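**Student:** Below is the structure I would like to discuss, written out as structure tokens.
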Amino acid sequence: MDGVVGRTGALDLARVRADFPILSEKVRGKPFTFLDSGASAQKPRQVIQAMVTMMETAYANVHRGAYHMSERATEAYEATRGAVARFLNAGSEREIVFTKSSTEAINLVAHSFGRGVLKAGQAVVISEMEHHANLVPWQMLRDAHGIELRVACVTDTGELDMDDLAAKLADGKVGLVAVTHMSNVLGTVTPAARIARMAHEAGAKVLFDGSQAAVHRQVDVQALDADFYVFTGHKLYGPTGIGVLYAKAALLEAMPPFLGGGDMIAEVTLDRAIWAPIPAKFEAGTPPIVEAVGLHAAIDYVTAIGLPAIEAHERALVDRAMARLPHIEGVTLLGRAQDRGGVFAFALDTAHAHDVATLLDRAGIAVRSGRHCAEPLHARFGVDSTCRASFGLYTTPEEVDLLAEALTQARAFFA
Amino acid sequence: MTDLFGDLRDLYQEVILDHGRKPRNFKRLDDATLTARGDNPMCGDRMELFLKTAPDGSIADAAFQGRGCAISMASASLMTETVKGKTPGQAKQMGEHFRQLAMTGTCPDCGAEIAEDMERLTPLSGVHEFPSRVKCATLAWHTLNAALDGAKEASSE
């Protein structure tokens, strides 16, 4: 990875792309233009190789055997916890819990903090632009535990309505604010530090869904004063099957376990169990060991390039896209947030999102079509479905231009 | 720039684009005797089908309303045209054949008696090359089955 960032701080796109074997694949005879990193990112060979090497040289179950290979595997697994703690600037490795996904991390909080700490009659505030992963667990908590669920509005420009958030917090009943740090549909980056301040002033804790944001921005959970922060490995150029929950140690200490089983107990009799200390208390069963090693490699990969360089690269792509996409006749872009990342949802006046996606696929361009696990947000903007293009660190300016050209031709095709 | 999509005319034949843009029988039937809703939850395709049956049980009239992609709208439009005058049994059999056509691109078993009607549906056979789009084409026929069976909801998921 040395030297991928040039002296100017800009990333060397050709070298980055060479790290991702799949990018040299052809699709329908055309170069593969992958604009769906927001759904799941591609993997660099450094990640692939780290996982293979782990299985070939250091694999056994963790936290179990008093034999050398298990110790080697445990060391590799726990090293990832340290890497994640540094990546998020967490105060302690004890504050990092591995899950299988962002979804599971949010469900863990909804279950353990929601049922164990929040009291019936308290409220949880989410926003209108949440992924279903940060909506459905709270609906389930509401129905099972008597929690009131409040939804803060999104403005016409696709930003969180801060006045509405303040109003939703005003009566002091809110125990938790759970919002996205970056919308998976609108690309909107939310003012997390300000949201955390408002939540804390109202006596609430705050959770950020960083599934998109952690890929595009340097995240500092202490600077944000986040109580909970979740992200997932597979959107960060790592493997599927591993997600992360960061939570302040005092909160984890106060929360009951989520899943019960092996590895999360200090002592068990047939009558009772005594929980292991955090974070093991929340990691029942054999964890995603190889996936953790892959996540470590992915974190090393992006930090070697540098989040500031990745952010600058994506900002240039976003500027290029914003200079073109909204000006294509018949294209409507959802949201015009001031602070945004490389995620664009759009509709074409002459064609349905699925027809557009099928056409783009023919040109080798992969975009997502549908509602992107954010059905209420589509209802909010009065559209049935959209196409979504999302950028990664390997996306080129030429790919943005190709998308714009393809959309122009797609409109003519269906006109 | 070169034509990026020229070879897609196989999928989006003129008849499909035409029926997608201007679906036939696109209306509510106030005197419908059978209705059903069809839903493709992943895509957001939605339709409501109206059937009016004659005293002998055959389909006297068919119409639909809804929103969706060109494939699903064209398929529903062509279906309402072809099932008129058919008995429920014939309509269901056409649906079976159509599903085979959509999934494999051919329908070797299409009997002689409905060959002419199936011919009208063949422009949709190109969808078999796009597995993720097959359910767009079959939604209308799932909805037809639901209506004929007295079910209120159909899903092509």
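Following the order of the structure tokens, chains are lettered A, B, ..., residues in each are numbered from 1, and ligands are numbered from 1.
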Might you pull out every residue within 10 Å of Leu259 (chain A), with only C-alpha atoms counted and same-chain residues fewer than 5 positions away left off, and present them as a VMD selection string?
**Tutor:** chain A and resid 108 111 to 112 264 281 to 285
**Student:** Store the residues picked out above, limited to C-alpha atoms, as a short mmCIF file (atom, residue, chain, number, x, y, z; two decimals), in the first residue's frame.
**Tutor:**
data_model
loop_
_atom_site.label_atom_id
_atom_site.label_comp_id
_atom_site.auth_asym_id
_atom_site.auth_seq_id
_atom_site.Cartn_x
_atom_site.Cartn_y
_atom_site.Cartn_z
CA LEU A 108 -28.28 -5.81 19.86
CA HIS A 111 -32.72 -5.60 22.54
CA SER A 112 -30.18 -5.09 25.32
CA MET A 264 -20.06 -14.92 26.83
CA LYS A 281 -20.54 -10.66 27.24
CA PHE A 282 -21.98 -9.69 23.86
CA GLU A 283 -20.15 -12.23 21.70
CA ALA A 284 -21.90 -15.54 22.24
CA GLY A 285 -20.80 -18.48 20.15
#
**Student:** Could you build a table of the residues in region 65-160 of chain A lying no more than 8 Å from region 297-316 of chain A, giving for each the nearest pair of atoms and their separation in Å rounded to one decimal place, using only C-alpha atoms, ordered by chain and ascending residue number, as JSON lines?
**Tutor:**
{"residue": "A:Ala83", "atom": "CA", "partner": "A:Ile299", "partner_atom": "CA", "distance": 7.2}
{"residue": "A:Val84", "atom": "CA", "partner": "A:Ile299", "partner_atom": "CA", "distance": 7.5}
{"residue": "A:Phe87", "atom": "CA", "partner": "A:Ile299", "partner_atom": "CA", "distance": 7.2}
**Student:** For the selection just defined, write its residues with N, CA and C atoms to a file, as a PDB file, in the first residue's frame.
**Tutor:**
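This is the output file again-v3.pdb:
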ATOM      1  N   ALA A  83      -7.501  -2.734  16.089  1.00  0.00           N
ATOM      2  CA  ALA A  83      -7.508  -1.952  14.843  1.00  0.00           C
ATOM      3  C   ALA A  83      -8.804  -1.168  14.701  1.00  0.00           C
ATOM      4  N   VAL A  84      -9.922  -1.803  15.068  1.00  0.00           N
ATOM      5  CA  VAL A  84     -11.215  -1.110  14.981  1.00  0.00           C
ATOM      6  C   VAL A  84     -11.264   0.038  15.988  1.00  0.00           C
ATOM      7  N   PHE A  87      -9.363   2.770  14.566  1.00  0.00           N
ATOM      8  CA  PHE A  87     -10.072   3.290  13.384  1.00  0.00           C
ATOM      9  C   PHE A  87     -11.169   4.269  13.799  1.00  0.00           C
TER      10      PHE A  87
END
**Student:** Between CA of Arg336 (chain A) and CA of Met162 (chain A), what is the distance in Å, rounded to a tenth?
**Tutor:** 16.0 Å
**Student:** Please report, as a PyMOL selection string, each residue of region 11-148 of chain B to which DSSP assigns strand (DSSP E or B) when run on this structure's backbone.
**Tutor:** chain B and resi 26+34-40+45-53+59-67
**Student:** Find the residues of chain B in contact range of chain A, meaning any atom within 9 Å when counting only C-alpha atoms, and list them as a VMD selection string.
**Tutor:** chain B and resid 1 3 to 5 7 to 8 17 21 42 to 45 67 to 71 130 133
**Student:** So which residues touch Pro287 (chain A) within 10 Å, counting only C-alpha atoms, skipping near sequence neighbours fewer than 3 positions away, as a ChimeraX atom specification?
**Tutor:** /A:61-62,77,98-100,241-242,263,283-284,290-292
**Student:** Apply DSSP to the structure's backbone, then extract all residues of chain B labelled helix (DSSP H, G or I) and return them as a VMD selection string.
**Tutor:** chain B and resid 6 to 10 14 to 21 70 to 83 88 to 104 112 to 129 131 to 148
**Student:** Identify, on the basis of only C-alpha atoms, every residue whose closest approach to Tyr59 (chain A) does not exceed 8 Å; exclude the query and any residue fewer than 5 positions from it along the same chain; express the result as a CSV table (one decimal) with N, CA and C atoms, in the first residue's frame.
**Tutor:**
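Once written, part10.csv looks like this:
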chain,number,residue,atom,x,y,z
A,54,MET,N,-4.7,-16.5,6.7
A,54,MET,CA,-5.2,-16.9,8.1
A,54,MET,C,-5.7,-18.3,8.1
A,69,MET,N,-2.0,-23.1,18.1
A,69,MET,CA,-2.7,-22.6,17.0
A,69,MET,C,-4.0,-21.7,17.4
A,70,SER,N,-4.6,-22.2,18.5
A,70,SER,CA,-5.8,-21.4,19.0
A,70,SER,C,-5.3,-20.0,19.5
A,72,ARG,N,-2.8,-18.4,18.4
A,72,ARG,CA,-2.4,-17.6,17.2
A,72,ARG,C,-3.7,-17.0,16.6
A,73,ALA,N,-4.8,-17.8,16.5
A,73,ALA,CA,-6.0,-17.4,16.0
A,73,ALA,C,-6.7,-16.3,16.9
A,290,VAL,N,-12.3,-15.6,10.7
A,290,VAL,CA,-11.6,-15.2,9.4
A,290,VAL,C,-12.1,-13.9,8.9
**Student:** As an exercise, work out the distance from CA of Thr188 (chain A) to CA of Phe20 (chain A) in Å and give it to one decimal place.
**Tutor:**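 These two atoms are separated by 27.2 Å.
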**Student:** I'd like the contact shell of Ala154 (chain B) - 9 Å cut-off, only C-alpha atoms, skipping same-chain residues fewer than 4 positions apart - returned as a ChimeraX atom specification.
**Tutor:** /B:36-40,139,142-147
